[in-house]
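Here's target-v1.cif, which has mmCIF, C-alpha atoms:
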```
data_entry
#
loop_
_atom_site.label_atom_id
_atom_site.label_comp_id
_atom_site.auth_asym_id
_atom_site.auth_seq_id
_atom_site.Cartn_x
_atom_site.Cartn_y
_atom_site.Cartn_z
CA MET A 281 10.41 -91.23 -53.17
CA ILE A 282 14.16 -90.97 -52.69
CA THR A 283 15.87 -91.03 -49.31
CA ARG A 284 18.56 -88.33 -49.06
CA LYS A 285 20.90 -87.04 -46.37
CA CYS A 286 20.74 -83.28 -45.67
CA GLU A 287 24.05 -81.61 -46.52
CA MET A 288 23.59 -79.13 -43.68
CA CYS A 289 22.43 -81.13 -40.66
CA GLY A 290 22.94 -84.75 -41.79
CA ARG A 291 19.31 -85.81 -41.23
CA GLU A 292 17.76 -88.27 -43.64
CA PHE A 293 14.69 -87.03 -45.52
CA GLN A 294 12.34 -88.26 -48.25
CA THR A 295 11.99 -86.35 -51.53
CA ALA A 296 10.61 -86.90 -55.01
CA SER A 297 13.33 -84.70 -56.50
CA ASN A 298 16.71 -86.10 -57.49
CA ARG A 299 18.23 -82.62 -56.94
CA ALA A 300 17.23 -81.98 -53.32
CA LYS A 301 20.18 -81.34 -50.98
CA TYR A 302 18.54 -80.06 -47.81
CA CYS A 303 15.75 -81.19 -45.50
CA GLN A 304 12.68 -79.02 -45.03
CA TYR A 305 14.12 -77.56 -41.81
CA CYS A 306 17.42 -76.41 -43.35
CA ARG A 307 16.04 -75.31 -46.73
CA GLY A 308 14.93 -71.91 -45.43
CA GLU A 309 18.26 -71.22 -43.73
CA VAL A 310 20.18 -72.08 -46.90
CA GLN A 311 17.97 -69.72 -48.90
CA ILE A 312 18.70 -66.91 -46.42
CA GLN A 313 22.45 -67.54 -46.77
CA ARG A 314 22.14 -67.56 -50.56
CA ASN A 315 20.22 -64.25 -50.51
CA ARG A 316 22.84 -62.67 -48.21
CA ALA A 317 25.69 -63.75 -50.49
CA TYR A 318 23.86 -62.33 -53.52
CA ALA A 319 23.18 -59.02 -51.74
CA GLU A 320 26.86 -58.72 -50.77
CA LYS A 321 27.96 -59.46 -54.33
CA LYS A 322 25.54 -56.88 -55.68
CA LYS A 323 26.64 -54.29 -53.12
CA SER A 324 30.34 -54.83 -53.95
CA GLY A 325 29.62 -54.21 -57.64
CA THR A 326 30.93 -57.56 -58.92
CA SER A 327 27.51 -58.74 -60.14
CA VAL A 328 26.49 -58.07 -63.73
CA SER A 329 23.09 -56.43 -64.17
CA ILE A 330 20.77 -57.34 -67.02
CA GLY A 331 20.83 -54.71 -69.77
CA SER A 332 24.41 -53.64 -69.05
CA GLU A 333 27.13 -53.61 -71.71
CA GLN A 334 29.87 -56.25 -71.41
CA VAL A 335 32.85 -57.30 -73.54
CA CYS A 336 32.78 -60.87 -74.91
CA PRO A 337 35.95 -62.68 -73.77
CA LEU A 338 35.99 -64.80 -76.96
CA CYS A 339 35.62 -62.24 -79.73
CA GLY A 340 36.11 -58.89 -77.94
CA LYS A 341 32.83 -57.36 -79.15
CA THR A 342 30.53 -55.54 -76.75
CA TYR A 343 27.10 -57.07 -76.13
CA LYS A 344 24.04 -56.33 -74.01
CA VAL A 345 23.51 -58.77 -71.13
CA THR A 346 20.15 -60.55 -71.46
CA SER A 347 20.39 -63.05 -68.57
CA GLY A 348 22.17 -63.26 -65.24
CA SER A 349 24.46 -66.11 -66.24
CA GLN A 350 25.40 -64.80 -69.70
CA LYS A 351 29.17 -64.75 -70.28
CA TYR A 352 29.46 -64.47 -74.08
CA CYS A 353 27.76 -62.56 -76.90
CA THR A 354 24.94 -64.34 -78.74
CA GLU A 355 27.09 -64.89 -81.86
CA CYS A 356 29.79 -66.73 -79.90
CA THR A 357 27.20 -68.71 -77.94
CA SER A 358 25.41 -69.86 -81.09
CA ASN A 359 28.70 -70.80 -82.79
CA GLN A 360 29.90 -72.94 -79.88
CA LYS A 361 28.89 -76.57 -80.15
CA ARG A 362 27.66 -77.83 -76.84
CA LYS A 363 28.83 -81.23 -75.78
CA LYS A 364 25.95 -83.54 -75.14
CA ALA A 365 26.35 -85.86 -72.20
CA PRO A 366 26.86 -89.43 -73.40
CA PRO A 367 23.94 -91.74 -72.73
CA ASN A 368 24.19 -94.15 -69.82
CA THR A 369 24.69 -97.16 -72.07
CA GLY A 370 25.01 -99.56 -69.15
CA TYR A 371 21.53 -98.68 -67.95
CA LEU A 372 20.10 -98.79 -71.48
CA LYS A 373 21.62 -102.20 -72.22
CA GLU A 374 20.40 -103.57 -68.91
CA HIS A 375 16.81 -102.32 -69.19
CA TYR A 376 16.02 -102.08 -72.91
CA ASP A 377 16.27 -104.04 -76.15
CA TYR A 378 17.07 -102.20 -79.36
CA ILE A 379 15.04 -102.52 -82.57
CA ARG A 380 15.89 -100.67 -85.75
CA MET A 381 12.97 -99.84 -87.98
CA ASN A 382 12.96 -98.38 -91.48
CA VAL A 383 10.00 -96.34 -92.67
CA PRO A 384 9.27 -94.85 -96.12
CA LYS A 385 10.69 -91.38 -96.87
CA GLY A 386 8.60 -88.65 -95.26
CA GLU A 387 6.79 -91.00 -92.86
CA ARG A 388 9.23 -90.44 -89.99
CA GLU A 389 8.13 -86.83 -89.44
CA LYS A 390 4.46 -87.78 -89.77
CA ILE A 391 4.87 -90.47 -87.09
CA LYS A 392 6.70 -88.04 -84.78
CA GLU A 393 4.01 -85.36 -85.25
CA TYR A 394 1.23 -87.88 -84.58
CA ALA A 395 2.95 -89.11 -81.41
CA ASP A 396 3.46 -85.49 -80.25
CA SER A 397 -0.22 -84.70 -80.90
CA LEU A 398 -1.13 -87.54 -78.53
CA GLY A 399 1.46 -86.46 -75.97
CA LEU A 400 3.49 -89.64 -76.45
CA SER A 401 6.98 -90.54 -77.54
CA VAL A 402 7.30 -92.55 -80.75
CA ASN A 403 8.50 -95.50 -78.67
CA LYS A 404 5.42 -95.37 -76.41
CA LEU A 405 3.10 -94.94 -79.42
CA LEU A 406 4.52 -98.07 -81.08
CA LEU A 407 4.26 -100.12 -77.88
CA ILE A 408 0.61 -99.09 -77.44
CA ALA A 409 -0.12 -99.90 -81.10
CA LEU A 410 1.47 -103.34 -80.69
CA GLU A 411 -0.62 -104.08 -77.58
CA GLU A 412 -3.80 -102.99 -79.37
CA PHE A 413 -2.89 -105.14 -82.37
CA LYS A 414 -2.36 -108.18 -80.11
CA GLU A 415 -5.68 -107.52 -78.37
CA ASN A 416 -7.61 -107.16 -81.65
CA HIS A 417 -6.01 -110.18 -83.34
CA LYS A 418 -6.18 -112.85 -80.63
CA ASP A 419 -7.99 -115.30 -82.92
CA ASP A 420 -5.62 -114.78 -85.85
CA PRO A 421 -4.56 -118.23 -87.18
CA LYS A 422 -1.16 -116.87 -88.31
CA LYS A 423 0.11 -116.84 -84.72
#
```
Output the file's structure as structure tokens, nothing else.
Amino acid sequence: MITRKCEMCGREFQTASNRAKYCQYCRGEVQIQRNRAYAEKKKSGTSVSIGSEQVCPLCGKTYKVTSGSQKYCTECTSNQKRKKAPPNTGYLKEHYDYIRMNVPKGEREKIKEYADSLGLSVNKLLLIALEEFKENHKDDPKK
């Protein structure tokens, strides 16, 4: 559980979510405010309704809106490369060691598929396999 401070009233509250901003008492009031703002925007005609025709600001073509937050046509959206957030290398270096492993051609995908079929990451699969190997080879004289 994470201890947070409510952005509305300032009370401290416990939550499992790392995105929570409001305590349970203020959450309902914030939702009411959000709904009012949306209704006013819709009434004023500045909101874009799904299924309406819009002009793409990048290429100038008209497109049909398929989601509430859509700003560009699907062609421009698919052509734009999204910037991936850089990994938190400080955290990774502090908490993990790095091992590079080479596998024969074609085996990488098989390993990934096998891990997915078990509901595991490849990293977790390999750690479990290592623990099982240690457990099954305790009396191995090569140690």
Selection near A:Glu292, 12 Å with all atoms listed in the file, sequence-local residues under 2 positions removed, as a VMD selection string: chain A and resid 282 to 290 294 to 295 300 to 306
Output C-alpha atoms of each residue in that selection to a file, as a JSON list (two decimals), in the coordinates of the input.
```
[["chain", "number", "residue", "atom", "x", "y", "z"],
["A", 282, "ILE", "CA", 14.16, -90.97, -52.69],
["A", 283, "THR", "CA", 15.87, -91.03, -49.31],
["A", 284, "ARG", "CA", 18.56, -88.33, -49.06],
["A", 285, "LYS", "CA", 20.90, -87.04, -46.37],
["A", 286, "CYS", "CA", 20.74, -83.28, -45.67],
["A", 287, "GLU", "CA", 24.05, -81.61, -46.52],
["A", 288, "MET", "CA", 23.59, -79.13, -43.68],
["A", 289, "CYS", "CA", 22.43, -81.13, -40.66],
["A", 290, "GLY", "CA", 22.94, -84.75, -41.79],
["A", 294, "GLN", "CA", 12.34, -88.26, -48.25],
["A", 295, "THR", "CA", 11.99, -86.35, -51.53],
["A", 300, "ALA", "CA", 17.23, -81.98, -53.32],
["A", 301, "LYS", "CA", 20.18, -81.34, -50.98],
["A", 302, "TYR", "CA", 18.54, -80.06, -47.81],
["A", 303, "CYS", "CA", 15.75, -81.19, -45.50],
["A", 304, "GLN", "CA", 12.68, -79.02, -45.03],
["A", 305, "TYR", "CA", 14.12, -77.56, -41.81],
["A", 306, "CYS", "CA", 17.42, -76.41, -43.35]]
```
Between atom CA of A:Gly348 and atom CA of A:Ile330 - distance in Å to one decimal: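 Going from atom CA of A:Ile330 over to atom CA of A:Gly348, I get 6.3 Å.
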Residue among A:Ala395, A:Ile312, A:Val335, A:Ala296 lying closest to A:Met281, counting all atoms listed in the file: A:Ala296
Two-atom distance - atom CA of A:Ser332, atom CA of A:Thr354 (Å): 14.4 Å
Centre and size of axis-aligned box enclosing stretch 362-371 of chain A plus 8 Å each side, as lines of an AutoDock Vina configuration file:
```
center_x = 25.2
center_y = -88.7
center_z = -72.4
size_x = 23.3
size_y = 37.7
size_z = 24.9
```
Selection result for the PyMOL selection byres ((chain A and resi 403) around 12) on this file, as a list in words: Tyr376, Asp377, Tyr378, Ile379, Arg380, Met381, Ile391, Lys392, Ala395, Asp396, Gly399, Leu400, Ser401, Val402, Lys404, Leu405, Leu406, Leu407, Ile408, Ala409 and Leu410 of chain A
Take stretch 281-317 of chain A, bring it up to N, CA and C atoms, and give me the output as a PDB file, keeping the file's coordinate frame.
```pdb
ATOM      1  N   MET A 281       9.722 -92.145 -54.057  1.00  0.00           N
ATOM      2  CA  MET A 281      10.410 -91.230 -53.170  1.00  0.00           C
ATOM      3  C   MET A 281      11.864 -91.696 -52.981  1.00  0.00           C
ATOM      4  N   ILE A 282      12.733 -90.717 -52.857  1.00  0.00           N
ATOM      5  CA  ILE A 282      14.160 -90.970 -52.690  1.00  0.00           C
ATOM      6  C   ILE A 282      14.554 -90.571 -51.275  1.00  0.00           C
ATOM      7  N   THR A 283      15.351 -91.387 -50.626  1.00  0.00           N
ATOM      8  CA  THR A 283      15.870 -91.030 -49.310  1.00  0.00           C
ATOM      9  C   THR A 283      17.205 -90.340 -49.505  1.00  0.00           C
ATOM     10  N   ARG A 284      17.335 -89.132 -48.942  1.00  0.00           N
ATOM     11  CA  ARG A 284      18.560 -88.330 -49.060  1.00  0.00           C
ATOM     12  C   ARG A 284      19.052 -87.961 -47.672  1.00  0.00           C
ATOM     13  N   LYS A 285      20.312 -87.531 -47.607  1.00  0.00           N
ATOM     14  CA  LYS A 285      20.900 -87.040 -46.370  1.00  0.00           C
ATOM     15  C   LYS A 285      21.128 -85.547 -46.537  1.00  0.00           C
ATOM     16  N   CYS A 286      20.616 -84.738 -45.609  1.00  0.00           N
ATOM     17  CA  CYS A 286      20.740 -83.280 -45.670  1.00  0.00           C
ATOM     18  C   CYS A 286      22.210 -82.894 -45.585  1.00  0.00           C
ATOM     19  N   GLU A 287      22.657 -82.037 -46.497  1.00  0.00           N
ATOM     20  CA  GLU A 287      24.050 -81.610 -46.520  1.00  0.00           C
ATOM     21  C   GLU A 287      24.378 -80.644 -45.396  1.00  0.00           C
ATOM     22  N   MET A 288      23.353 -80.099 -44.745  1.00  0.00           N
ATOM     23  CA  MET A 288      23.590 -79.130 -43.680  1.00  0.00           C
ATOM     24  C   MET A 288      23.592 -79.801 -42.299  1.00  0.00           C
ATOM     25  N   CYS A 289      22.542 -80.553 -42.005  1.00  0.00           N
ATOM     26  CA  CYS A 289      22.430 -81.130 -40.660  1.00  0.00           C
ATOM     27  C   CYS A 289      22.691 -82.636 -40.613  1.00  0.00           C
ATOM     28  N   GLY A 290      22.670 -83.314 -41.763  1.00  0.00           N
ATOM     29  CA  GLY A 290      22.940 -84.750 -41.790  1.00  0.00           C
ATOM     30  C   GLY A 290      21.723 -85.627 -41.599  1.00  0.00           C
ATOM     31  N   ARG A 291      20.533 -85.025 -41.378  1.00  0.00           N
ATOM     32  CA  ARG A 291      19.310 -85.810 -41.230  1.00  0.00           C
ATOM     33  C   ARG A 291      18.921 -86.469 -42.535  1.00  0.00           C
ATOM     34  N   GLU A 292      18.297 -87.632 -42.446  1.00  0.00           N
ATOM     35  CA  GLU A 292      17.760 -88.270 -43.640  1.00  0.00           C
ATOM     36  C   GLU A 292      16.358 -87.727 -43.884  1.00  0.00           C
ATOM     37  N   PHE A 293      16.022 -87.537 -45.178  1.00  0.00           N
ATOM     38  CA  PHE A 293      14.690 -87.030 -45.520  1.00  0.00           C
ATOM     39  C   PHE A 293      14.242 -87.667 -46.832  1.00  0.00           C
ATOM     40  N   GLN A 294      12.946 -87.687 -47.051  1.00  0.00           N
ATOM     41  CA  GLN A 294      12.340 -88.260 -48.250  1.00  0.00           C
ATOM     42  C   GLN A 294      12.009 -87.137 -49.226  1.00  0.00           C
ATOM     43  N   THR A 295      12.304 -87.347 -50.515  1.00  0.00           N
ATOM     44  CA  THR A 295      11.990 -86.350 -51.530  1.00  0.00           C
ATOM     45  C   THR A 295      11.684 -87.041 -52.845  1.00  0.00           C
ATOM     46  N   ALA A 296      10.901 -86.386 -53.670  1.00  0.00           N
ATOM     47  CA  ALA A 296      10.610 -86.900 -55.010  1.00  0.00           C
ATOM     48  C   ALA A 296      11.632 -86.379 -56.004  1.00  0.00           C
ATOM     49  N   SER A 297      12.358 -85.329 -55.614  1.00  0.00           N
ATOM     50  CA  SER A 297      13.330 -84.700 -56.500  1.00  0.00           C
ATOM     51  C   SER A 297      14.683 -85.390 -56.393  1.00  0.00           C
ATOM     52  N   ASN A 298      15.360 -85.523 -57.532  1.00  0.00           N
ATOM     53  CA  ASN A 298      16.710 -86.100 -57.490  1.00  0.00           C
ATOM     54  C   ASN A 298      17.755 -84.999 -57.320  1.00  0.00           C
ATOM     55  N   ARG A 299      17.316 -83.748 -57.105  1.00  0.00           N
ATOM     56  CA  ARG A 299      18.230 -82.620 -56.940  1.00  0.00           C
ATOM     57  C   ARG A 299      18.224 -82.046 -55.526  1.00  0.00           C
ATOM     58  N   ALA A 300      17.359 -82.538 -54.666  1.00  0.00           N
ATOM     59  CA  ALA A 300      17.230 -81.980 -53.320  1.00  0.00           C
ATOM     60  C   ALA A 300      18.500 -82.256 -52.507  1.00  0.00           C
ATOM     61  N   LYS A 301      18.972 -81.212 -51.799  1.00  0.00           N
ATOM     62  CA  LYS A 301      20.180 -81.340 -50.980  1.00  0.00           C
ATOM     63  C   LYS A 301      19.895 -81.142 -49.499  1.00  0.00           C
ATOM     64  N   TYR A 302      18.795 -80.449 -49.190  1.00  0.00           N
ATOM     65  CA  TYR A 302      18.540 -80.060 -47.810  1.00  0.00           C
ATOM     66  C   TYR A 302      17.158 -80.508 -47.365  1.00  0.00           C
ATOM     67  N   CYS A 303      17.044 -80.815 -46.071  1.00  0.00           N
ATOM     68  CA  CYS A 303      15.750 -81.190 -45.500  1.00  0.00           C
ATOM     69  C   CYS A 303      14.877 -79.949 -45.388  1.00  0.00           C
ATOM     70  N   GLN A 304      13.608 -80.146 -45.078  1.00  0.00           N
ATOM     71  CA  GLN A 304      12.680 -79.020 -45.030  1.00  0.00           C
ATOM     72  C   GLN A 304      13.042 -78.021 -43.930  1.00  0.00           C
ATOM     73  N   TYR A 305      13.748 -78.457 -42.915  1.00  0.00           N
ATOM     74  CA  TYR A 305      14.120 -77.560 -41.810  1.00  0.00           C
ATOM     75  C   TYR A 305      15.303 -76.672 -42.182  1.00  0.00           C
ATOM     76  N   CYS A 306      16.216 -77.169 -42.985  1.00  0.00           N
ATOM     77  CA  CYS A 306      17.420 -76.410 -43.350  1.00  0.00           C
ATOM     78  C   CYS A 306      17.234 -75.605 -44.633  1.00  0.00           C
ATOM     79  N   ARG A 307      16.237 -75.956 -45.440  1.00  0.00           N
ATOM     80  CA  ARG A 307      16.040 -75.310 -46.730  1.00  0.00           C
ATOM     81  C   ARG A 307      15.894 -73.795 -46.615  1.00  0.00           C
ATOM     82  N   GLY A 308      15.138 -73.343 -45.633  1.00  0.00           N
ATOM     83  CA  GLY A 308      14.930 -71.910 -45.430  1.00  0.00           C
ATOM     84  C   GLY A 308      16.217 -71.198 -45.040  1.00  0.00           C
ATOM     85  N   GLU A 309      16.997 -71.813 -44.164  1.00  0.00           N
ATOM     86  CA  GLU A 309      18.260 -71.220 -43.730  1.00  0.00           C
ATOM     87  C   GLU A 309      19.249 -71.107 -44.893  1.00  0.00           C
ATOM     88  N   VAL A 310      19.292 -72.107 -45.734  1.00  0.00           N
ATOM     89  CA  VAL A 310      20.180 -72.080 -46.900  1.00  0.00           C
ATOM     90  C   VAL A 310      19.759 -70.972 -47.851  1.00  0.00           C
ATOM     91  N   GLN A 311      18.458 -70.781 -48.026  1.00  0.00           N
ATOM     92  CA  GLN A 311      17.970 -69.720 -48.900  1.00  0.00           C
ATOM     93  C   GLN A 311      18.361 -68.342 -48.360  1.00  0.00           C
ATOM     94  N   ILE A 312      18.293 -68.172 -47.040  1.00  0.00           N
ATOM     95  CA  ILE A 312      18.700 -66.910 -46.420  1.00  0.00           C
ATOM     96  C   ILE A 312      20.181 -66.657 -46.671  1.00  0.00           C
ATOM     97  N   GLN A 313      21.014 -67.680 -46.509  1.00  0.00           N
ATOM     98  CA  GLN A 313      22.450 -67.540 -46.770  1.00  0.00           C
ATOM     99  C   GLN A 313      22.715 -67.178 -48.231  1.00  0.00           C
ATOM    100  N   ARG A 314      21.983 -67.819 -49.130  1.00  0.00           N
ATOM    101  CA  ARG A 314      22.140 -67.560 -50.560  1.00  0.00           C
ATOM    102  C   ARG A 314      21.768 -66.101 -50.883  1.00  0.00           C
ATOM    103  N   ASN A 315      20.662 -65.628 -50.297  1.00  0.00           N
ATOM    104  CA  ASN A 315      20.220 -64.250 -50.510  1.00  0.00           C
ATOM    105  C   ASN A 315      21.234 -63.248 -49.968  1.00  0.00           C
ATOM    106  N   ARG A 316      21.816 -63.545 -48.787  1.00  0.00           N
ATOM    107  CA  ARG A 316      22.840 -62.670 -48.210  1.00  0.00           C
ATOM    108  C   ARG A 316      24.051 -62.575 -49.121  1.00  0.00           C
ATOM    109  N   ALA A 317      24.517 -63.728 -49.619  1.00  0.00           N
ATOM    110  CA  ALA A 317      25.690 -63.750 -50.490  1.00  0.00           C
ATOM    111  C   ALA A 317      25.421 -62.946 -51.764  1.00  0.00           C
TER     112      ALA A 317
END
```
